[in-house]
>>> print(open('query_14.txt').read())   # compact mmCIF, C-alpha atoms
# COMPACT_ATOMS: atom_id res chain seq x y z
CA MET X 1 0.00 0.00 0.00
CA LYS X 2 1.37 3.35 -0.94
CA ALA X 3 1.80 5.80 1.94
CA ASP X 4 0.04 9.12 1.99
CA PRO X 5 2.79 11.71 2.36
CA HIS X 6 0.50 13.97 4.37
CA THR X 7 -0.39 11.47 7.01
CA THR X 8 2.67 9.30 7.21
CA LEU X 9 5.24 10.17 9.81
CA ALA X 10 8.37 11.02 7.93
CA PRO X 11 11.42 10.92 10.14
CA SER X 12 14.15 13.17 8.92
CA PRO X 13 17.44 11.39 8.51
CA PRO X 14 20.00 12.22 11.14
CA ARG X 15 21.75 15.32 9.99
CA ALA X 16 24.90 17.03 11.00
CA PRO X 17 24.56 20.41 12.71
CA ARG X 18 26.06 21.96 9.61
CA ALA X 19 23.11 20.82 7.49
CA VAL X 20 20.71 22.50 9.90
CA LEU X 21 22.79 25.67 9.79
CA VAL X 22 22.72 25.68 5.99
CA GLU X 23 18.97 25.15 6.05
CA ALA X 24 18.56 27.98 8.55
CA ALA X 25 20.69 30.27 6.38
CA ALA X 26 18.54 29.44 3.36
CA VAL X 27 15.34 30.13 5.31
CA LEU X 28 16.82 33.38 6.62
CA THR X 29 17.79 34.57 3.15
CA ALA X 30 14.51 33.60 1.53
CA GLY X 31 12.53 34.98 4.45
CA LEU X 32 14.25 38.35 4.43
CA LEU X 33 13.86 38.69 0.66
CA ALA X 34 10.19 37.78 0.91
CA ALA X 35 9.73 40.20 3.81
CA LEU X 36 11.24 43.13 1.93
CA LEU X 37 9.23 42.28 -1.17
CA LEU X 38 6.02 42.13 0.84
CA ASN X 39 6.85 45.44 2.51
CA ALA X 40 7.39 46.96 -0.92
CA VAL X 41 4.06 45.81 -2.32
CA SER X 42 2.01 46.28 0.85
CA PRO X 43 -0.14 49.42 0.94
CA HIS X 44 0.96 49.73 4.57
CA GLY X 45 4.65 49.28 3.76
CA LEU X 46 7.37 51.52 5.18
CA GLN X 47 9.59 53.72 3.04
CA LEU X 48 13.01 52.32 3.81
CA GLY X 49 14.92 55.47 2.90
CA ARG X 50 12.87 57.89 4.97
CA ASP X 51 13.94 59.19 8.36
CA TYR X 52 10.63 58.93 10.21
CA PHE X 53 12.06 60.36 13.42
CA SER X 54 13.90 63.36 12.05
CA LYS X 55 13.89 66.23 14.50
CA PRO X 56 15.07 69.77 13.99
CA PRO X 57 18.50 70.62 15.30
CA VAL X 58 18.80 72.34 18.65
CA THR X 59 18.86 76.07 17.94
CA GLY X 60 18.27 77.70 21.31
CA ALA X 61 15.23 79.15 23.01
CA ALA X 62 12.29 80.21 20.91
CA THR X 63 10.80 83.61 21.46
CA ASN X 64 7.68 83.60 19.38
CA GLN X 65 4.24 83.26 20.97
CA PRO X 66 0.90 83.84 19.31
CA ALA X 67 -0.25 87.35 20.09
CA SER X 68 -3.60 86.21 21.38
CA ALA X 69 -2.10 83.57 23.61
CA ALA X 70 1.04 85.28 24.81
CA SER X 71 -0.11 85.53 28.40
CA ALA X 72 -1.36 81.98 28.65
CA PRO X 73 0.71 79.50 30.64
CA VAL X 74 2.31 76.63 28.78
CA PRO X 75 2.41 73.05 30.04
CA ALA X 76 5.14 72.42 32.55
CA ASN X 77 6.90 69.28 31.46
CA ALA X 78 10.11 68.17 29.89
CA ALA X 79 8.67 68.47 26.40
CA LEU X 80 8.67 72.25 26.73
CA ALA X 81 12.39 72.63 26.94
CA ARG X 82 12.87 70.14 24.15
CA LEU X 83 10.49 71.97 21.84
CA ARG X 84 11.93 75.38 22.59
CA SER X 85 15.47 74.18 22.13
CA ARG X 86 14.44 73.12 18.65
CA GLY X 87 12.83 76.41 17.79
CA LEU X 88 9.24 75.16 18.10
CA GLN X 89 6.54 76.85 20.15
CA PRO X 90 4.57 74.75 22.65
CA LEU X 91 0.94 75.60 23.14
CA GLU X 92 -1.28 74.78 26.08
CA HIS X 93 -5.01 74.10 26.00
CA ARG X 94 -6.27 77.63 26.72
CA ALA X 95 -4.07 79.08 24.02
CA ALA X 96 -5.21 76.40 21.61
CA VAL X 97 -8.84 77.30 22.32
CA VAL X 98 -8.09 80.97 21.71
CA LEU X 99 -6.49 80.13 18.39
CA PHE X 100 -9.38 77.84 17.52
CA HIS X 101 -11.85 80.71 17.89
CA GLU X 102 -9.53 82.95 15.95
CA ALA X 103 -9.39 80.32 13.21
CA GLN X 104 -13.17 80.45 12.98
CA ARG X 105 -13.04 84.20 12.43
CA ARG X 106 -10.02 84.11 10.10
CA PRO X 107 -9.75 80.62 8.64
CA GLU X 108 -6.98 81.54 6.25
CA SER X 109 -4.85 83.08 8.94
CA VAL X 110 -4.93 80.34 11.58
CA ILE X 111 -5.09 76.63 10.75
CA PHE X 112 -4.98 73.41 12.71
CA VAL X 113 -3.15 70.33 11.39
CA ASP X 114 -4.04 66.88 12.75
CA VAL X 115 -1.09 64.54 12.21
CA ARG X 116 -2.68 61.35 13.52
CA ASN X 117 -3.66 58.58 11.12
CA ASP X 118 -6.83 58.71 9.03
CA THR X 119 -8.72 56.29 11.25
CA LEU X 120 -8.21 58.43 14.35
CA TYR X 121 -8.94 61.60 12.37
CA GLU X 122 -12.23 60.24 11.14
CA ALA X 123 -13.20 59.09 14.63
CA GLY X 124 -12.82 62.63 15.93
CA HIS X 125 -10.73 65.74 15.37
CA ILE X 126 -10.66 69.46 16.10
CA PRO X 127 -13.25 70.96 13.73
CA GLY X 128 -11.64 72.29 10.59
CA ALA X 129 -8.29 70.64 11.25
CA HIS X 130 -6.42 69.58 8.14
CA PRO X 131 -5.57 65.87 8.11
CA LEU X 132 -1.90 65.02 7.64
CA ASP X 133 -0.96 61.50 8.68
CA TYR X 134 2.67 62.10 9.52
CA TYR X 135 3.72 58.58 8.57
CA ARG X 136 1.78 58.69 5.28
CA PRO X 137 1.77 62.35 4.34
CA GLU X 138 1.58 61.92 0.57
CA ALA X 139 -2.21 62.14 0.34
CA HIS X 140 -2.57 65.49 2.08
CA LEU X 141 0.81 67.18 2.17
CA LEU X 142 0.26 69.44 -0.84
CA ASP X 143 -3.11 70.62 0.46
CA VAL X 144 -1.66 71.33 3.88
CA LEU X 145 1.34 73.17 2.43
CA GLY X 146 -1.06 75.28 0.37
CA ALA X 147 -3.01 76.19 3.50
CA CYS X 148 0.20 76.82 5.44
CA ALA X 149 1.42 79.25 2.78
CA ALA X 150 -1.40 81.66 3.63
CA ALA X 151 -1.56 81.05 7.36
CA ARG X 152 0.28 83.07 9.97
CA GLN X 153 -0.26 80.60 12.79
CA ILE X 154 -0.27 76.85 12.29
CA VAL X 155 -1.24 74.63 15.22
CA VAL X 156 0.00 71.05 14.91
CA TYR X 157 -1.31 68.33 17.18
CA CYS X 158 -1.35 64.57 17.60
CA THR X 159 -2.77 62.31 20.30
CA GLY X 160 -1.04 64.06 23.19
CA GLY X 161 0.76 62.47 26.09
CA ASP X 162 3.95 60.82 24.93
CA CYS X 163 3.09 61.38 21.29
CA GLU X 164 5.92 63.11 19.44
CA ASP X 165 4.31 63.01 16.02
CA SER X 166 3.27 66.68 16.14
CA GLU X 167 6.87 67.66 16.69
CA LEU X 168 8.03 65.41 13.89
CA ALA X 169 5.34 66.73 11.57
CA ALA X 170 6.25 70.32 12.39
CA ASN X 171 9.78 69.52 11.37
CA LEU X 172 8.47 68.00 8.14
CA LEU X 173 6.50 71.17 7.39
CA SER X 174 9.51 73.28 8.28
CA GLN X 175 11.69 71.31 5.89
CA ALA X 176 9.02 71.80 3.23
CA GLY X 177 9.38 75.56 3.58
CA VAL X 178 6.93 76.58 6.27
CA PRO X 179 8.62 79.18 8.52
CA ARG X 180 9.26 77.63 11.91
CA GLU X 181 8.09 80.71 13.78
CA ARG X 182 4.56 80.09 12.48
CA LEU X 183 4.44 76.54 13.84
CA PHE X 184 2.89 75.83 17.25
CA ILE X 185 2.78 72.44 18.91
CA TYR X 186 -0.35 71.71 20.92
CA LEU X 187 1.26 69.38 23.44
CA GLY X 188 -1.93 68.15 25.09
CA GLY X 189 -3.14 67.02 21.70
CA PHE X 190 -6.52 65.62 20.85
CA ALA X 191 -6.80 63.75 24.16
CA GLU X 192 -6.64 66.97 26.17
CA TRP X 193 -8.86 68.77 23.69
CA SER X 194 -11.66 66.23 23.94
CA GLU X 195 -11.26 65.70 27.70
CA ASN X 196 -11.90 69.42 28.20
CA GLY X 197 -15.17 69.21 26.32
CA SER X 198 -13.95 71.30 23.41
CA PRO X 199 -15.68 71.01 20.03
CA VAL X 200 -15.04 67.80 18.16
CA ALA X 201 -15.91 66.86 14.60
CA ALA X 202 -16.02 63.38 13.12
CA GLY X 203 -15.84 62.04 9.64
CA GLY X 204 -13.65 62.23 6.61
CA ALA X 205 -10.97 64.64 5.63
CA ARG X 206 -12.58 67.97 4.87
CA ARG X 207 -10.50 71.04 4.39
CA GLY X 208 -10.72 74.39 6.07
CA LEU X 209 -12.58 75.68 9.05
CA GLN X 210 -15.94 75.76 7.31
CA GLU X 211 -16.45 72.26 8.72
CA GLY X 212 -19.06 71.93 11.41
CA GLY X 213 -18.49 70.33 14.77
CA ASN X 214 -20.45 69.00 17.70
CA ARG X 215 -20.60 72.32 19.44
CA MET L 1 12.80 2.23 11.80
CA ARG L 2 9.37 2.51 13.28
CA PRO L 3 8.12 6.00 13.81
CA ASP L 4 7.51 6.99 17.42
CA LEU L 5 3.88 8.10 17.19
CA PRO L 6 3.47 9.96 20.51
CA ARG L 7 6.66 11.97 20.02
CA ALA L 8 5.75 12.75 16.45
CA ALA L 9 2.25 13.87 17.49
CA VAL L 10 3.73 16.17 20.11
CA GLY L 11 6.08 17.49 17.44
CA VAL L 12 3.19 18.26 15.10
CA LEU L 13 1.28 20.07 17.82
CA ALA L 14 4.37 22.03 18.87
CA ARG L 15 5.05 22.99 15.26
CA TRP L 16 1.47 24.14 14.66
CA LEU L 17 1.35 26.05 17.93
CA LEU L 18 4.64 27.82 17.25
CA GLY L 19 3.80 28.41 13.59
CA GLY L 20 0.34 29.72 14.37
CA LEU L 21 1.68 32.14 16.96
CA TYR L 22 4.31 33.42 14.54
CA VAL L 23 1.74 34.00 11.82
CA TRP L 24 -0.65 35.76 14.19
CA MET L 25 1.92 37.96 15.88
CA GLY L 26 3.73 38.68 12.62
CA LEU L 27 0.54 39.69 10.82
CA SER L 28 -0.60 41.96 13.62
CA LYS L 29 2.66 43.89 13.21
CA ALA L 30 2.88 43.65 9.43
CA LEU L 31 -0.56 45.22 9.06
CA ASP L 32 0.44 48.14 11.27
CA PRO L 33 4.10 48.68 10.44
CA VAL L 34 4.05 52.27 11.69
CA GLY L 35 3.01 51.10 15.12
CA PHE L 36 5.79 48.53 15.14
CA LEU L 37 8.25 51.12 13.84
CA LYS L 38 7.46 53.39 16.80
CA LEU L 39 7.88 50.54 19.26
CA ALA L 40 11.17 49.48 17.64
CA HIS L 41 12.33 53.10 17.80
CA ALA L 42 11.53 53.19 21.52
CA TYR L 43 14.12 50.46 22.11
CA ALA L 44 16.80 52.80 20.68
CA LEU L 45 18.57 49.82 19.16
CA VAL L 46 20.03 51.55 16.14
CA ASP L 47 20.78 55.13 15.16
CA THR L 48 20.56 54.69 11.41
CA PRO L 49 17.07 55.34 10.01
CA LEU L 50 17.61 52.86 7.17
CA LEU L 51 18.52 50.08 9.59
CA LEU L 52 15.57 50.88 11.85
CA ASN L 53 13.21 50.88 8.86
CA LEU L 54 14.66 47.59 7.64
CA ILE L 55 14.09 45.99 11.02
CA ALA L 56 10.53 47.33 11.28
CA ALA L 57 9.70 46.34 7.71
CA ALA L 58 11.32 42.91 7.68
CA VAL L 59 10.78 41.40 11.13
CA PRO L 60 6.96 41.12 10.98
CA TRP L 61 6.86 39.51 7.53
CA PHE L 62 9.81 37.30 8.40
CA GLU L 63 7.86 36.02 11.39
CA VAL L 64 4.90 35.29 9.14
CA PHE L 65 7.24 33.48 6.73
CA CYS L 66 8.71 31.31 9.51
CA GLY L 67 5.25 30.64 10.88
CA LEU L 68 4.01 29.41 7.52
CA LEU L 69 7.05 27.16 7.09
CA LEU L 70 6.38 25.61 10.48
CA LEU L 71 2.66 25.18 9.81
CA LEU L 72 3.33 23.55 6.46
CA GLY L 73 6.29 21.54 7.68
CA VAL L 74 9.00 22.91 5.44
CA ALA L 75 12.61 23.18 6.57
CA VAL L 76 11.45 22.43 10.07
CA ARG L 77 14.77 22.19 11.92
CA GLY L 78 16.33 25.17 10.18
CA THR L 79 13.26 27.29 10.94
CA ALA L 80 13.18 26.05 14.54
CA LEU L 81 16.83 27.09 14.90
CA LEU L 82 16.03 30.56 13.58
CA SER L 83 13.04 30.76 15.90
CA ALA L 84 15.21 30.01 18.93
CA LEU L 85 17.87 32.46 17.72
CA MET L 86 15.24 35.19 17.33
CA LEU L 87 13.52 34.55 20.64
CA VAL L 88 16.64 34.80 22.78
CA PRO L 89 17.60 38.39 21.83
CA PHE L 90 13.93 39.46 21.71
CA THR L 91 13.50 38.20 25.27
CA ALA L 92 16.70 39.91 26.39
CA LEU L 93 15.50 43.20 24.91
CA VAL L 94 12.09 42.97 26.52
CA THR L 95 13.68 42.09 29.85
CA SER L 96 16.08 45.03 29.72
CA ARG L 97 13.21 47.39 28.88
CA ALA L 98 11.14 46.02 31.74
CA LEU L 99 14.08 46.38 34.13
CA ALA L 100 14.47 50.01 33.05
CA LEU L 101 10.76 50.63 33.70
CA HIS L 102 11.04 48.82 37.01
CA ALA L 103 13.98 50.96 38.07
CA GLY L 104 12.09 54.13 37.23
CA GLY L 105 8.90 53.30 39.10
CA ALA L 106 7.47 51.80 42.24
CA LEU L 107 5.69 48.84 40.64
CA PRO L 108 6.67 45.26 41.43
CA PHE L 109 8.49 43.70 38.48
CA CYS L 110 5.67 41.34 37.56
CA ALA L 111 3.12 44.18 37.61
CA ILE L 112 4.95 45.99 34.83
CA LYS L 113 2.81 46.04 31.72
CA PHE L 114 3.79 47.52 28.39
CA ASP L 115 3.60 46.96 24.65
CA CYS L 116 6.85 45.19 23.91
CA GLY L 117 6.29 45.21 20.15
CA CYS L 118 5.70 41.48 20.18
CA GLY L 119 2.37 41.73 18.38
CA ALA L 120 -0.04 41.10 21.23
CA GLY L 121 -0.37 44.64 22.55
CA GLU L 122 0.26 45.44 26.20
CA VAL L 123 1.29 42.43 28.25
CA LEU L 124 2.43 41.78 31.79
CA ILE L 125 6.16 41.28 31.71
CA CYS L 126 6.21 38.05 33.72
CA TRP L 127 3.59 36.52 31.43
CA LYS L 128 5.65 37.59 28.41
CA LEU L 129 8.85 36.12 29.79
CA THR L 130 7.08 32.85 30.58
CA GLU L 131 5.59 32.75 27.10
CA ASN L 132 8.92 33.46 25.42
CA THR L 133 10.67 30.81 27.51
CA ALA L 134 8.03 28.28 26.52
CA LEU L 135 8.34 29.22 22.84
CA THR L 136 12.12 28.96 23.01
CA LEU L 137 11.84 25.50 24.56
CA LEU L 138 9.37 24.49 21.85
CA SER L 139 11.82 25.69 19.20
CA VAL L 140 14.69 23.77 20.76
CA GLY L 141 12.45 20.74 21.02
CA LEU L 142 11.57 20.93 17.32
CA LEU L 143 15.24 21.38 16.52
CA SER L 144 16.12 18.16 18.27
CA LEU L 145 13.12 16.17 17.03
CA ARG L 146 13.87 13.91 14.09
CA GLN L 147 10.37 12.67 13.35
CA HIS L 148 7.91 14.97 11.70
CA GLY L 149 4.34 14.24 10.69
CA PHE L 150 2.15 16.20 8.30
CA CYS L 151 5.13 17.83 6.66
CA LEU L 152 5.45 18.94 3.06
CA ARG L 153 9.23 18.85 3.16
CA PRO L 154 10.82 18.57 6.59
CA ALA L 155 14.35 18.89 5.25
CA LEU L 156 15.07 21.34 2.45
CA PHE L 157 18.19 19.90 0.91
CA ARG L 158 17.97 16.20 1.51
CA ARG L 159 15.11 13.99 0.55
CA SER L 160 13.92 11.82 3.35
CA ARG L 161 14.74 8.13 3.11
CA PHE L 162 11.24 7.45 4.30
CA PRO L 163 8.20 8.06 2.12
>>> encode(input="query_14.txt", output="structure tokens")
Amino acid sequence: MKADPHTTLAPSPPRAPRAVLVEAAAVLTAGLLAALLLNAVSPHGLQLGRDYFSKPPVTGAATNQPASAASAPVPANAALARLRSRGLQPLEHRAAVVLFHEAQRRPESVIFVDVRNDTLYEAGHIPGAHPLDYYRPEAHLLDVLGACAAARQIVVYCTGGDCEDSELAANLLSQAGVPRERLFIYLGGFAEWSENGSPVAAGGARRGLQEGGNR
Amino acid sequence: MRPDLPRAAVGVLARWLLGGLYVWMGLSKALDPVGFLKLAHAYALVDTPLLLNLIAAAVPWFEVFCGLLLLLGVAVRGTALLSALMLVPFTALVTSRALALHAGGALPFCAIKFDCGCGAGEVLICWKLTENTALTLLSVGLLSLRQHGFCLRPALFRRSRFP
């Protein structure tokens, strides 16, 4: 009776350790090649040549504050010194709210940029915020740069807490030509914004501050 | 030679368990490579962006690849060797991170919970270390096992003398 290869126990012949090493090397090579190929074709794949964690060089203390928020206190944590040393302006919640209302009056002059991913943006964002997934900026970068060209104050935010994506995105915008003195980092991010009962909008990526929110 | 059925059955189960875990954990990272990239960056393993990106891009799919080989029974001992070689440094990294968190806080070591980048989200460190030890032992066991059932091609470069 002929054996079924799928059900018969097939003992491997005794093999020298070297044979196992060669087999492991072959699996390693094939596996790495397959992995890089899959990363290349995957819609979620990483761009191997990009520096995702590029931060601006330390330049000294920043002096710029938005005029309407100059007297507002800024969050007291280690992120402040880091941001200022890199020429970026931290923003606390009250100042962000002030700028939000100013953005409603002058939508071309003040804009908000949400650098979280599209899923989080659609679940809830600051009304009128421009979407710009920092890790996949291709879809929205040109639109955001167009809006930034006209704006005098650009508030960048991410999730808040330990999230550094707003800082990274500000650096990306700066490298793309947006003057650093116009960039403000809302450190508390969307978590602080929503926890304070501030207006939140949900849904897809709409541009400009004409968007309505759950006021 | 008569195949040792109980040992072979244990080998099949071990292979499927290990392979299934690799596929599951690898896919969960491969489908969110940015999340894994951030976690890999938090370990501060490498300074070069290209190297970090290569690690974050390749490791998840490589785990899926190894998992599929184990599930299908292809190059079993070579893949088991790679599995053990991957698990040891992964476990060392996770342990060192947990020790750093432990040193910076008041929590007991086993109460430390964080996302180690292993693919299962936040886990208690002692559970993770137990799991990794078990998976390493499974890998070593598969490496030493010479009888394999339900395999497409247990050895890559040498045809088995047994049908």
>>> atom_distance(input="query_14.txt", atom1="atom CA of Leu93 of chain L", atom2="atom CA of Pro17 of chain X")
27.4 Å
>>> interface_residues(input="query_14.txt", of="chain L", to="chain X", cutoff="7 Å", atoms="only C-alpha atoms", output="number ranges by chain")
L: 3, 31-33, 49-50, 53-54, 57-58, 61-62, 65, 75, 77-79, 81-82, 146-151, 154-156, 160-163
>>> residues_around(input="query_14.txt", residues="Val178 of chain X", least_positions_apart="4", cutoff="8 Å", atoms="only C-alpha atoms", output="JSON, numbers by chain")
{"X": [145, 148, 149, 173, 174, 182, 183]}
>>> closest_residue(input="query_14.txt", among="L:Leu37, L:Leu21, L:Leu152, L:Leu142", to="Leu52 of chain L", atoms="all atoms listed in the file")
L:Leu37
>>> atom_distance(input="query_14.txt", atom1="atom CA of Ala103 of chain L", atom2="atom CA of Tyr43 of chain L")
16.0 Å
>>> atom_distance(input="query_14.txt", atom1="atom CA of Arg152 of chain X", atom2="atom CA of Pro56 of chain X")
20.3 Å
>>> residues_near_point(input="query_14.txt", point="(1.0, 38.6, 19.3)", cutoff="8 Å", atoms="only C-alpha atoms", output="JSON, numbers by chain")
{"L": [21, 22, 24, 25, 26, 28, 118, 119, 120, 121]}
>>> closest_residue(input="query_14.txt", among="X:Pro90, X:Gly204, X:Pro127, X:Gly188", to="Ala170 of chain X", atoms="all atoms listed in the file")
X:Pro90
